[in-house]
Structure formats: structure tokens, C-alpha cells
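Pasted below: start-v3.cif, mmCIF, N, CA and C atoms.
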```cif
data_query
loop_
_atom_site.label_atom_id
_atom_site.label_comp_id
_atom_site.auth_asym_id
_atom_site.auth_seq_id
_atom_site.Cartn_x
_atom_site.Cartn_y
_atom_site.Cartn_z
N MET A 30 11.23 -19.17 -14.82
CA MET A 30 11.91 -18.94 -13.58
C MET A 30 11.04 -18.06 -12.67
N ILE A 31 10.99 -18.37 -11.41
CA ILE A 31 10.20 -17.62 -10.45
C ILE A 31 10.99 -16.42 -9.95
N GLU A 32 10.37 -15.24 -10.02
CA GLU A 32 10.97 -14.01 -9.47
C GLU A 32 10.61 -13.98 -7.99
N SER A 33 11.61 -13.88 -7.10
CA SER A 33 11.30 -13.84 -5.67
C SER A 33 12.40 -13.16 -4.88
N LYS A 34 12.04 -12.74 -3.67
CA LYS A 34 12.99 -12.20 -2.71
C LYS A 34 12.32 -12.25 -1.35
N ALA A 35 13.04 -12.66 -0.33
CA ALA A 35 12.50 -12.67 1.02
C ALA A 35 12.26 -11.24 1.49
N ALA A 36 11.21 -11.05 2.27
CA ALA A 36 10.85 -9.74 2.80
C ALA A 36 10.39 -9.93 4.24
N ARG A 37 9.93 -8.82 4.85
CA ARG A 37 9.41 -8.95 6.20
C ARG A 37 8.15 -8.10 6.35
N LEU A 38 7.34 -8.48 7.32
CA LEU A 38 6.09 -7.78 7.58
C LEU A 38 6.36 -6.47 8.29
N GLY A 39 5.70 -5.41 7.82
CA GLY A 39 5.82 -4.10 8.44
C GLY A 39 4.55 -3.76 9.21
N ARG A 40 4.04 -2.56 8.98
CA ARG A 40 2.84 -2.10 9.68
C ARG A 40 1.59 -2.82 9.17
N VAL A 41 0.56 -2.82 10.01
CA VAL A 41 -0.74 -3.37 9.62
C VAL A 41 -1.75 -2.25 9.76
N PHE A 42 -2.51 -2.00 8.69
CA PHE A 42 -3.52 -0.94 8.68
C PHE A 42 -4.90 -1.56 8.52
N THR A 43 -5.88 -1.01 9.20
CA THR A 43 -7.27 -1.37 8.97
C THR A 43 -7.97 -0.13 8.42
N LEU A 44 -8.70 -0.30 7.34
CA LEU A 44 -9.32 0.83 6.65
C LEU A 44 -10.83 0.63 6.52
N ARG A 45 -11.53 1.73 6.59
CA ARG A 45 -12.96 1.75 6.28
C ARG A 45 -13.13 2.62 5.05
N LEU A 46 -13.52 2.02 3.95
CA LEU A 46 -13.77 2.77 2.73
C LEU A 46 -15.23 3.19 2.73
N GLU A 47 -15.50 4.33 2.13
CA GLU A 47 -16.83 4.92 2.17
C GLU A 47 -17.52 4.89 0.80
N ASP A 48 -18.80 5.15 0.82
CA ASP A 48 -19.63 5.19 -0.37
C ASP A 48 -18.98 6.10 -1.42
N GLY A 49 -18.78 5.58 -2.61
CA GLY A 49 -18.21 6.36 -3.71
C GLY A 49 -16.70 6.31 -3.81
N ASP A 50 -16.01 5.78 -2.79
CA ASP A 50 -14.56 5.60 -2.94
C ASP A 50 -14.32 4.73 -4.15
N HIS A 51 -13.26 5.02 -4.88
CA HIS A 51 -13.01 4.38 -6.17
C HIS A 51 -11.74 3.52 -6.11
N LEU A 52 -11.90 2.25 -6.42
CA LEU A 52 -10.74 1.35 -6.53
C LEU A 52 -10.23 1.41 -7.95
N PRO A 53 -8.95 1.43 -8.20
CA PRO A 53 -7.85 1.27 -7.27
C PRO A 53 -7.37 2.57 -6.65
N ASP A 54 -7.92 3.72 -7.08
CA ASP A 54 -7.38 5.03 -6.69
C ASP A 54 -7.28 5.22 -5.18
N CYS A 55 -8.37 4.91 -4.44
CA CYS A 55 -8.37 5.22 -3.01
C CYS A 55 -7.28 4.43 -2.26
N LEU A 56 -7.01 3.20 -2.66
CA LEU A 56 -5.96 2.43 -1.99
C LEU A 56 -4.57 2.89 -2.40
N GLU A 57 -4.39 3.28 -3.64
CA GLU A 57 -3.10 3.82 -4.08
C GLU A 57 -2.82 5.16 -3.40
N GLU A 58 -3.86 6.00 -3.24
CA GLU A 58 -3.70 7.28 -2.55
C GLU A 58 -3.37 7.06 -1.07
N PHE A 59 -4.05 6.10 -0.44
CA PHE A 59 -3.74 5.77 0.95
C PHE A 59 -2.28 5.34 1.08
N ALA A 60 -1.83 4.49 0.17
CA ALA A 60 -0.44 4.02 0.22
C ALA A 60 0.53 5.19 0.08
N ALA A 61 0.25 6.12 -0.81
CA ALA A 61 1.13 7.28 -1.00
C ALA A 61 1.17 8.14 0.26
N ARG A 62 0.00 8.42 0.86
CA ARG A 62 -0.05 9.26 2.07
C ARG A 62 0.69 8.62 3.25
N ASN A 63 0.69 7.29 3.30
CA ASN A 63 1.29 6.58 4.43
C ASN A 63 2.64 5.96 4.10
N GLU A 64 3.17 6.31 2.93
CA GLU A 64 4.48 5.81 2.48
C GLU A 64 4.57 4.29 2.51
N VAL A 65 3.49 3.65 2.06
CA VAL A 65 3.46 2.20 1.91
C VAL A 65 3.87 1.90 0.48
N LYS A 66 4.99 1.23 0.30
CA LYS A 66 5.47 0.91 -1.05
C LYS A 66 4.97 -0.45 -1.52
N SER A 67 4.91 -1.42 -0.58
CA SER A 67 4.50 -2.78 -0.93
C SER A 67 3.59 -3.31 0.16
N ALA A 68 2.55 -4.08 -0.24
CA ALA A 68 1.61 -4.60 0.75
C ALA A 68 0.73 -5.68 0.15
N LEU A 69 0.14 -6.45 1.04
CA LEU A 69 -0.94 -7.37 0.71
C LEU A 69 -2.21 -6.71 1.19
N VAL A 70 -3.27 -6.70 0.37
CA VAL A 70 -4.51 -6.02 0.71
C VAL A 70 -5.68 -6.99 0.58
N ALA A 71 -6.47 -7.11 1.65
CA ALA A 71 -7.71 -7.89 1.63
C ALA A 71 -8.87 -6.93 1.84
N LEU A 72 -9.98 -7.15 1.14
CA LEU A 72 -11.10 -6.21 1.19
C LEU A 72 -12.42 -6.97 1.11
N ILE A 73 -13.41 -6.53 1.90
CA ILE A 73 -14.78 -7.04 1.80
C ILE A 73 -15.74 -5.86 1.89
N GLY A 74 -16.92 -6.00 1.31
CA GLY A 74 -17.90 -4.94 1.41
C GLY A 74 -18.87 -4.96 0.25
N GLY A 75 -19.21 -3.76 -0.22
CA GLY A 75 -20.16 -3.63 -1.31
C GLY A 75 -19.61 -2.78 -2.44
N ALA A 76 -20.04 -3.10 -3.65
CA ALA A 76 -19.67 -2.32 -4.84
C ALA A 76 -20.95 -1.84 -5.50
N GLY A 77 -20.90 -0.60 -5.99
CA GLY A 77 -22.07 -0.01 -6.62
C GLY A 77 -21.95 0.15 -8.11
N GLY A 78 -20.89 -0.36 -8.69
CA GLY A 78 -20.71 -0.27 -10.13
C GLY A 78 -19.25 -0.17 -10.48
N GLY A 79 -18.99 -0.23 -11.77
CA GLY A 79 -17.63 -0.12 -12.26
C GLY A 79 -17.39 -1.11 -13.38
N ARG A 80 -16.10 -1.33 -13.64
CA ARG A 80 -15.72 -2.27 -14.69
C ARG A 80 -14.58 -3.14 -14.18
N LEU A 81 -14.52 -4.36 -14.68
CA LEU A 81 -13.48 -5.31 -14.33
C LEU A 81 -12.84 -5.87 -15.59
N VAL A 82 -11.56 -6.19 -15.51
CA VAL A 82 -10.92 -6.97 -16.58
C VAL A 82 -11.23 -8.42 -16.26
N VAL A 83 -11.88 -9.11 -17.19
CA VAL A 83 -12.33 -10.48 -16.95
C VAL A 83 -11.61 -11.50 -17.83
N GLY A 84 -10.50 -11.09 -18.41
CA GLY A 84 -9.70 -12.01 -19.22
C GLY A 84 -9.15 -11.30 -20.44
N PRO A 85 -8.32 -12.01 -21.19
CA PRO A 85 -7.86 -11.45 -22.47
C PRO A 85 -8.93 -11.67 -23.53
N LYS A 86 -9.00 -10.74 -24.49
CA LYS A 86 -9.95 -10.94 -25.60
C LYS A 86 -9.61 -12.20 -26.36
N ASP A 87 -8.31 -12.45 -26.56
CA ASP A 87 -7.85 -13.63 -27.29
C ASP A 87 -6.65 -14.20 -26.54
N GLY A 88 -6.82 -15.35 -25.95
CA GLY A 88 -5.76 -15.97 -25.16
C GLY A 88 -4.55 -16.40 -25.97
N GLU A 89 -4.67 -16.45 -27.30
CA GLU A 89 -3.57 -16.87 -28.16
C GLU A 89 -2.84 -15.70 -28.83
N ALA A 90 -3.38 -14.49 -28.70
CA ALA A 90 -2.79 -13.32 -29.36
C ALA A 90 -1.45 -12.96 -28.72
N ALA A 91 -0.53 -12.46 -29.54
CA ALA A 91 0.78 -12.04 -29.05
C ALA A 91 0.64 -10.83 -28.13
N LYS A 92 -0.20 -9.87 -28.52
CA LYS A 92 -0.43 -8.68 -27.69
C LYS A 92 -1.72 -8.93 -26.89
N ILE A 93 -1.61 -8.81 -25.59
CA ILE A 93 -2.76 -9.07 -24.72
C ILE A 93 -3.66 -7.84 -24.68
N GLU A 94 -4.91 -8.04 -25.09
CA GLU A 94 -5.92 -6.98 -25.01
C GLU A 94 -6.96 -7.41 -23.99
N PRO A 95 -7.25 -6.54 -23.01
CA PRO A 95 -8.18 -6.93 -21.94
C PRO A 95 -9.63 -7.03 -22.41
N LEU A 96 -10.33 -7.99 -21.85
CA LEU A 96 -11.77 -8.15 -22.02
C LEU A 96 -12.41 -7.51 -20.80
N LEU A 97 -13.28 -6.54 -21.00
CA LEU A 97 -13.89 -5.80 -19.90
C LEU A 97 -15.33 -6.21 -19.70
N ALA A 98 -15.77 -6.17 -18.43
CA ALA A 98 -17.17 -6.44 -18.10
C ALA A 98 -17.65 -5.34 -17.17
N LYS A 99 -18.89 -4.94 -17.34
CA LYS A 99 -19.49 -3.90 -16.52
C LYS A 99 -20.09 -4.53 -15.27
N LEU A 100 -19.83 -3.91 -14.14
CA LEU A 100 -20.42 -4.32 -12.87
C LEU A 100 -21.61 -3.40 -12.64
N SER A 101 -22.81 -3.88 -12.94
CA SER A 101 -24.01 -3.06 -12.85
C SER A 101 -24.80 -3.38 -11.59
N GLY A 102 -25.19 -2.37 -10.88
CA GLY A 102 -25.98 -2.57 -9.67
C GLY A 102 -25.10 -2.89 -8.47
N VAL A 103 -25.72 -2.98 -7.32
CA VAL A 103 -25.02 -3.23 -6.07
C VAL A 103 -24.68 -4.71 -5.94
N HIS A 104 -23.42 -4.97 -5.56
CA HIS A 104 -22.93 -6.34 -5.38
C HIS A 104 -22.21 -6.48 -4.05
N GLU A 105 -22.24 -7.66 -3.48
CA GLU A 105 -21.37 -8.02 -2.36
C GLU A 105 -20.01 -8.35 -2.97
N ILE A 106 -18.93 -7.93 -2.31
CA ILE A 106 -17.61 -8.15 -2.89
C ILE A 106 -16.61 -8.70 -1.86
N ALA A 107 -15.66 -9.46 -2.38
CA ALA A 107 -14.49 -9.91 -1.64
C ALA A 107 -13.32 -9.79 -2.60
N ALA A 108 -12.21 -9.23 -2.11
CA ALA A 108 -11.09 -8.98 -3.01
C ALA A 108 -9.76 -9.20 -2.29
N LEU A 109 -8.77 -9.55 -3.09
CA LEU A 109 -7.42 -9.73 -2.58
C LEU A 109 -6.47 -9.13 -3.61
N GLY A 110 -5.46 -8.40 -3.12
CA GLY A 110 -4.54 -7.78 -4.06
C GLY A 110 -3.20 -7.48 -3.44
N THR A 111 -2.32 -6.95 -4.28
CA THR A 111 -1.00 -6.54 -3.82
C THR A 111 -0.72 -5.12 -4.29
N LEU A 112 0.05 -4.41 -3.48
CA LEU A 112 0.57 -3.10 -3.83
C LEU A 112 2.08 -3.25 -3.98
N PHE A 113 2.62 -2.83 -5.12
CA PHE A 113 4.05 -2.79 -5.34
C PHE A 113 4.37 -1.54 -6.13
N PRO A 114 5.56 -0.98 -5.95
CA PRO A 114 5.89 0.25 -6.67
C PRO A 114 6.08 -0.01 -8.17
N ASP A 115 5.67 1.00 -8.96
CA ASP A 115 5.96 0.93 -10.39
C ASP A 115 7.39 1.45 -10.60
N GLU A 116 7.77 1.59 -11.85
CA GLU A 116 9.15 1.99 -12.14
C GLU A 116 9.47 3.41 -11.67
N SER A 117 8.43 4.23 -11.40
CA SER A 117 8.65 5.58 -10.88
C SER A 117 8.64 5.61 -9.36
N GLY A 118 8.29 4.49 -8.72
CA GLY A 118 8.27 4.40 -7.27
C GLY A 118 6.90 4.53 -6.64
N ALA A 119 5.86 4.79 -7.44
CA ALA A 119 4.49 4.91 -6.91
C ALA A 119 3.87 3.53 -6.73
N ALA A 120 3.24 3.31 -5.57
CA ALA A 120 2.60 2.02 -5.30
C ALA A 120 1.39 1.85 -6.22
N LYS A 121 1.32 0.70 -6.90
CA LYS A 121 0.23 0.39 -7.81
C LYS A 121 -0.46 -0.88 -7.34
N LEU A 122 -1.79 -0.84 -7.33
CA LEU A 122 -2.59 -1.96 -6.86
C LEU A 122 -2.89 -2.94 -7.99
N HIS A 123 -2.69 -4.22 -7.71
CA HIS A 123 -3.18 -5.29 -8.59
C HIS A 123 -4.10 -6.12 -7.71
N MET A 124 -5.41 -5.98 -7.95
CA MET A 124 -6.41 -6.62 -7.10
C MET A 124 -7.45 -7.33 -7.95
N HIS A 125 -7.76 -8.55 -7.55
CA HIS A 125 -8.85 -9.29 -8.18
C HIS A 125 -10.01 -9.33 -7.19
N LEU A 126 -11.20 -9.12 -7.73
CA LEU A 126 -12.40 -8.96 -6.93
C LEU A 126 -13.46 -9.93 -7.43
N SER A 127 -14.13 -10.58 -6.50
CA SER A 127 -15.30 -11.39 -6.84
C SER A 127 -16.53 -10.66 -6.34
N ALA A 128 -17.52 -10.54 -7.21
CA ALA A 128 -18.73 -9.81 -6.88
C ALA A 128 -19.94 -10.71 -7.12
N GLY A 129 -20.90 -10.64 -6.21
CA GLY A 129 -22.11 -11.43 -6.37
C GLY A 129 -23.34 -10.61 -6.10
N ARG A 130 -24.38 -10.93 -6.86
CA ARG A 130 -25.71 -10.32 -6.67
C ARG A 130 -26.73 -11.39 -7.02
N GLY A 131 -27.54 -11.74 -6.05
CA GLY A 131 -28.49 -12.83 -6.28
C GLY A 131 -27.72 -14.11 -6.53
N ASP A 132 -28.06 -14.78 -7.63
CA ASP A 132 -27.35 -16.03 -7.95
C ASP A 132 -26.34 -15.83 -9.08
N GLU A 133 -25.96 -14.57 -9.32
CA GLU A 133 -24.96 -14.28 -10.36
C GLU A 133 -23.67 -13.79 -9.75
N GLY A 134 -22.56 -14.12 -10.39
CA GLY A 134 -21.26 -13.68 -9.91
C GLY A 134 -20.36 -13.25 -11.05
N LEU A 135 -19.36 -12.45 -10.69
CA LEU A 135 -18.40 -11.94 -11.66
C LEU A 135 -17.07 -11.76 -10.93
N THR A 136 -15.98 -12.17 -11.56
CA THR A 136 -14.66 -12.02 -10.97
C THR A 136 -13.73 -11.38 -11.99
N GLY A 137 -12.89 -10.46 -11.53
CA GLY A 137 -11.93 -9.84 -12.42
C GLY A 137 -11.03 -8.86 -11.70
N CYS A 138 -10.18 -8.20 -12.46
CA CYS A 138 -9.21 -7.23 -11.95
C CYS A 138 -9.87 -5.84 -11.88
N VAL A 139 -9.60 -5.11 -10.79
CA VAL A 139 -10.24 -3.81 -10.56
C VAL A 139 -9.58 -2.64 -11.29
N ARG A 140 -8.49 -2.87 -12.04
CA ARG A 140 -7.74 -1.78 -12.66
C ARG A 140 -8.62 -0.76 -13.39
N PRO A 141 -9.66 -1.15 -14.16
CA PRO A 141 -10.47 -0.12 -14.84
C PRO A 141 -11.31 0.73 -13.88
N GLY A 142 -11.59 0.23 -12.67
CA GLY A 142 -12.28 1.02 -11.66
C GLY A 142 -13.57 0.42 -11.15
N VAL A 143 -13.68 0.38 -9.82
CA VAL A 143 -14.87 -0.11 -9.13
C VAL A 143 -15.20 0.88 -8.03
N ASP A 144 -16.49 1.21 -7.89
CA ASP A 144 -16.94 2.15 -6.87
C ASP A 144 -17.50 1.40 -5.66
N ILE A 145 -17.07 1.82 -4.49
CA ILE A 145 -17.58 1.24 -3.25
C ILE A 145 -19.01 1.70 -3.04
N TRP A 146 -19.86 0.78 -2.60
CA TRP A 146 -21.24 1.09 -2.24
C TRP A 146 -21.36 1.03 -0.73
N ARG A 147 -21.78 2.09 -0.15
CA ARG A 147 -21.96 2.27 1.29
C ARG A 147 -20.67 2.10 2.10
N ILE A 148 -20.11 0.89 2.13
CA ILE A 148 -18.94 0.67 2.98
C ILE A 148 -18.16 -0.56 2.54
N ALA A 149 -16.87 -0.50 2.79
CA ALA A 149 -16.01 -1.67 2.60
C ALA A 149 -14.94 -1.62 3.68
N GLU A 150 -14.44 -2.77 4.03
CA GLU A 150 -13.38 -2.88 5.02
C GLU A 150 -12.16 -3.48 4.34
N ALA A 151 -11.00 -2.93 4.65
CA ALA A 151 -9.76 -3.44 4.08
C ALA A 151 -8.71 -3.59 5.17
N VAL A 152 -7.87 -4.58 5.00
CA VAL A 152 -6.70 -4.75 5.85
C VAL A 152 -5.49 -4.71 4.92
N VAL A 153 -4.53 -3.84 5.27
CA VAL A 153 -3.32 -3.67 4.48
C VAL A 153 -2.14 -4.15 5.32
N LEU A 154 -1.47 -5.19 4.83
CA LEU A 154 -0.29 -5.73 5.51
C LEU A 154 0.94 -5.27 4.75
N GLU A 155 1.66 -4.32 5.32
CA GLU A 155 2.82 -3.75 4.66
C GLU A 155 3.94 -4.79 4.54
N ILE A 156 4.58 -4.82 3.39
CA ILE A 156 5.71 -5.71 3.13
C ILE A 156 6.95 -4.82 2.99
N GLU A 157 7.90 -4.99 3.87
CA GLU A 157 9.11 -4.19 3.83
C GLU A 157 10.24 -4.94 3.13
N GLU A 158 11.06 -4.17 2.43
CA GLU A 158 12.22 -4.72 1.73
C GLU A 158 11.85 -5.86 0.78
N SER A 159 10.78 -5.64 0.02
CA SER A 159 10.29 -6.69 -0.89
C SER A 159 11.24 -6.92 -2.06
N GLY A 160 11.92 -5.86 -2.50
CA GLY A 160 12.82 -6.00 -3.64
C GLY A 160 12.10 -6.24 -4.96
N MET A 161 10.79 -5.97 -4.99
CA MET A 161 10.01 -6.20 -6.20
C MET A 161 9.38 -4.89 -6.68
N VAL A 162 9.22 -4.77 -8.01
CA VAL A 162 8.58 -3.62 -8.64
C VAL A 162 7.64 -4.11 -9.74
N ARG A 163 6.73 -3.24 -10.13
CA ARG A 163 5.89 -3.51 -11.30
C ARG A 163 6.58 -2.84 -12.49
N ALA A 164 7.15 -3.65 -13.36
CA ALA A 164 7.86 -3.13 -14.53
C ALA A 164 7.21 -3.67 -15.80
N VAL A 165 7.19 -2.84 -16.84
CA VAL A 165 6.59 -3.26 -18.11
C VAL A 165 7.42 -4.39 -18.70
N ASP A 166 6.73 -5.47 -19.02
CA ASP A 166 7.35 -6.62 -19.68
C ASP A 166 6.93 -6.57 -21.14
N PRO A 167 7.88 -6.40 -22.07
CA PRO A 167 7.51 -6.27 -23.49
C PRO A 167 6.78 -7.49 -24.04
N ARG A 168 6.96 -8.65 -23.42
CA ARG A 168 6.23 -9.84 -23.89
C ARG A 168 4.73 -9.70 -23.71
N PHE A 169 4.32 -8.96 -22.65
CA PHE A 169 2.90 -8.82 -22.35
C PHE A 169 2.35 -7.46 -22.72
N GLY A 170 3.22 -6.44 -22.69
CA GLY A 170 2.77 -5.09 -23.00
C GLY A 170 2.19 -4.36 -21.79
N PHE A 171 2.37 -4.89 -20.60
CA PHE A 171 1.92 -4.21 -19.40
C PHE A 171 2.86 -4.54 -18.23
N ALA A 172 2.67 -3.82 -17.12
CA ALA A 172 3.56 -3.98 -15.97
C ALA A 172 3.26 -5.27 -15.21
N VAL A 173 4.32 -5.98 -14.87
CA VAL A 173 4.20 -7.22 -14.09
C VAL A 173 5.21 -7.17 -12.94
N LEU A 174 4.99 -7.97 -11.93
CA LEU A 174 5.88 -8.03 -10.78
C LEU A 174 7.24 -8.59 -11.21
N THR A 175 8.29 -7.83 -10.90
CA THR A 175 9.64 -8.15 -11.34
C THR A 175 10.62 -7.83 -10.21
N ARG A 176 11.65 -8.61 -10.09
CA ARG A 176 12.67 -8.33 -9.09
C ARG A 176 13.38 -7.03 -9.45
N SER A 177 13.52 -6.13 -8.46
CA SER A 177 14.16 -4.84 -8.67
C SER A 177 15.62 -5.02 -9.06
N LYS A 178 16.10 -4.11 -9.90
CA LYS A 178 17.50 -4.15 -10.31
C LYS A 178 18.42 -3.50 -9.26
N ASP A 179 17.83 -2.85 -8.24
CA ASP A 179 18.63 -2.18 -7.18
C ASP A 179 19.33 -3.20 -6.30
#
```
Rewrite the structure from the file as C-alpha cells, please.
Amino acid sequence: MIESKAARLGRVFTLRLEDGDHLPDCLEEFAARNEVKSALVALIGGAGGGRLVVGPKDGEAAKIEPLLAKLSGVHEIAALGTLFPDESGAAKLHMHLSAGRGDEGLTGCVRPGVDIWRIAEAVVLEIEESGMVRAVDPRFGFAVLTRSKD
């Protein structure tokens, strides 16, 4: 069954991230300072290192364990993600990023942390009255987007 609820567009923010800003922290901190609970986030720029979740270690295992990959050296990046509140009400970023350097590429989730290199640009489209939260689903062992019980 699909979890859904109609919402509406709120404020639109344009951000310039600086050298050394750390994903997901800098976007979650921005959301907290500006009282953004839910949003769609698009980002382009450069990354200077970090780690990405690039899949489950075993796609058949009952408990999902993340497979991590190191992002070494400077890469061009493009990313898309969502901000939704966790069960405590804090906005949490779920963002997938594609990174390229030369003829090599890597795509994954930024949750373990990615550092901005020199500059990145982001657009944050606030979603009001989304009715969705990131709640821990025991089937997966981590927080997933779920319709709020409120």
C-alpha cells in the first residue's frame, strides 16, 4: 500500500554551501534554523570526500546492513533528497547523490557524510502540511517515510 497525503508548496530557499560544509548536517541545521519540517532538496556542486551508502550488504538478509563506499578525491556532484521530521520532530535528510570524477562514477545515500568541496548550490522547496514522518519500521530496522498518526 502506498503511504500518501496531499500537501502544498511553502517557501522556496536558495542556498550556497561552502567548502567543508558537511552533508547531511548542514542541510538539517538549516532546516532547524528556518523551521522547515518537510522539503524537497536539489543540490549541485563539488564534493571533496566522504562516504555513501551504496546498497545493502546482502539484498536477501532479513536485517538490512548498509554497504558503504568511500568518496575519495574531488568529484562533481548532483543530488536530490527530501527532508521530513523524525519521530521527535527534527527534520532529517534522505538524499541520494551521484558523483563523478574523470570517467568514474558513484551513486549512493549521503547519510554517512559527504563534505562539500569549494561550493555547492541547493534549492529547498518547503512542503507544508505533508502529514508524513520518518518513523522506524521494524521490518527494515531504520526510519522510513510513514504517514503521521496525528
Nearest to Ser159 (chain A), restricted to all atoms listed in the file and choosing among A:Leu44, A:Ala128, A:Lys66, A:Arg140, comes out as A:Lys66
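What the PyMOL selection byres (((chain A and resi 84 and name CA) around 6) and name CA) picks from this file is Val82, Val83, Pro85, Pro95 and Leu96 of chain A.
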Next, dump the selected residues to file, keeping only N, CA and C atoms, as a tab-separated table (two decimals), in the coordinates of the input.
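As a result, again.tsv now contains:
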```
chain	number	residue	atom	x	y	z
A	82	VAL	N	-11.56	-6.19	-15.51
A	82	VAL	CA	-10.92	-6.97	-16.58
A	82	VAL	C	-11.23	-8.42	-16.26
A	83	VAL	N	-11.88	-9.11	-17.19
A	83	VAL	CA	-12.33	-10.48	-16.95
A	83	VAL	C	-11.61	-11.50	-17.83
A	85	PRO	N	-8.32	-12.01	-21.19
A	85	PRO	CA	-7.86	-11.45	-22.47
A	85	PRO	C	-8.93	-11.67	-23.53
A	95	PRO	N	-7.25	-6.54	-23.01
A	95	PRO	CA	-8.18	-6.93	-21.94
A	95	PRO	C	-9.63	-7.03	-22.41
A	96	LEU	N	-10.33	-7.99	-21.85
A	96	LEU	CA	-11.77	-8.15	-22.02
A	96	LEU	C	-12.41	-7.51	-20.80
```
Return the single residue from A:Ala98, A:Leu112, A:Val41, A:Ile156 that is closest to Val70 (chain A), with distances computed using all atoms listed in the file.
A:Leu112
With distances taken over all atoms listed in the file, which residue among A:Gly142, A:Lys121, A:Val103, A:Leu97 lies nearest Val65 (chain A)?
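Closest to Val65 (chain A) of all the choices is A:Lys121.
Nearest residue to His104 (chain A) among A:Asp87, A:Asp54, A:Asp144, A:Glu116 is A:Asp144, counting only C-alpha atoms.
Closest to Leu135 (chain A) among A:Ala61, A:Leu174, A:Ala36, A:Ala107 is A:Ala107, based on only C-alpha atoms.
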Set up a box along x, y and z of the file covering all listed atoms of region 145-162 of chain A, add 6 Å on every one of the six sides, and write the centre and edge lengths in Å to one decimal, as lines of an AutoDock Vina configuration file.
```
center_x = -4.6
center_y = -2.3
center_z = -1.9
size_x = 46.8
size_y = 21.2
size_z = 27.6
```
DSSP helix (DSSP H, G or I) residues within chain A, as a list in words
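Matching residues for helix (DSSP H, G or I) in chain A are Asp54, Cys55, Leu56, Glu57, Glu58, Phe59, Ala60, Ala61 and Arg62 of chain A.
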All residues 8 Å or closer to region 30-34 of chain A, only N, CA and C atoms, same chain fewer than 5 positions away omitted, as a PyMOL selection string
chain A and resi 158-161+174-177
Expand the PyMOL selection byres ((chain A and resi 124) around 7) into the explicit residue set it covers here, and present it as a PyMOL selection string.
chain A and resi 108-111+122-123+125-126+137-140
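Comparing the minimum interatomic distances between Leu52 (chain A) and each of A:Ile93, A:Ile145, A:Leu72, A:Ala172, counting only N, CA and C atoms, we find that A:Ile145 sits nearest.
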If you count only C-alpha atoms, which residues fall within 10 Å of Glu150 (chain A), apart from same-chain ones fewer than 6 positions away, as a tab-separated table (two decimals) with N, CA and C atoms, in the coordinates of the input?
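Result went into result20.tsv, see below:
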```tsv
chain	number	residue	atom	x	y	z
A	43	THR	N	-5.88	-1.01	9.20
A	43	THR	CA	-7.27	-1.37	8.97
A	43	THR	C	-7.97	-0.13	8.42
A	44	LEU	N	-8.70	-0.30	7.34
A	44	LEU	CA	-9.32	0.83	6.65
A	44	LEU	C	-10.83	0.63	6.52
A	45	ARG	N	-11.53	1.73	6.59
A	45	ARG	CA	-12.96	1.75	6.28
A	45	ARG	C	-13.13	2.62	5.05
A	46	LEU	N	-13.52	2.02	3.95
A	46	LEU	CA	-13.77	2.77	2.73
A	46	LEU	C	-15.23	3.19	2.73
A	47	GLU	N	-15.50	4.33	2.13
A	47	GLU	CA	-16.83	4.92	2.17
A	47	GLU	C	-17.52	4.89	0.80
A	71	ALA	N	-6.47	-7.11	1.65
A	71	ALA	CA	-7.71	-7.89	1.63
A	71	ALA	C	-8.87	-6.93	1.84
A	72	LEU	N	-9.98	-7.15	1.14
A	72	LEU	CA	-11.10	-6.21	1.19
A	72	LEU	C	-12.42	-6.97	1.11
A	73	ILE	N	-13.41	-6.53	1.90
A	73	ILE	CA	-14.78	-7.04	1.80
A	73	ILE	C	-15.74	-5.86	1.89
A	74	GLY	N	-16.92	-6.00	1.31
A	74	GLY	CA	-17.90	-4.94	1.41
A	74	GLY	C	-18.87	-4.96	0.25
A	75	GLY	N	-19.21	-3.76	-0.22
A	75	GLY	CA	-20.16	-3.63	-1.31
A	75	GLY	C	-19.61	-2.78	-2.44
A	107	ALA	N	-15.66	-9.46	-2.38
A	107	ALA	CA	-14.49	-9.91	-1.64
A	107	ALA	C	-13.32	-9.79	-2.60
```
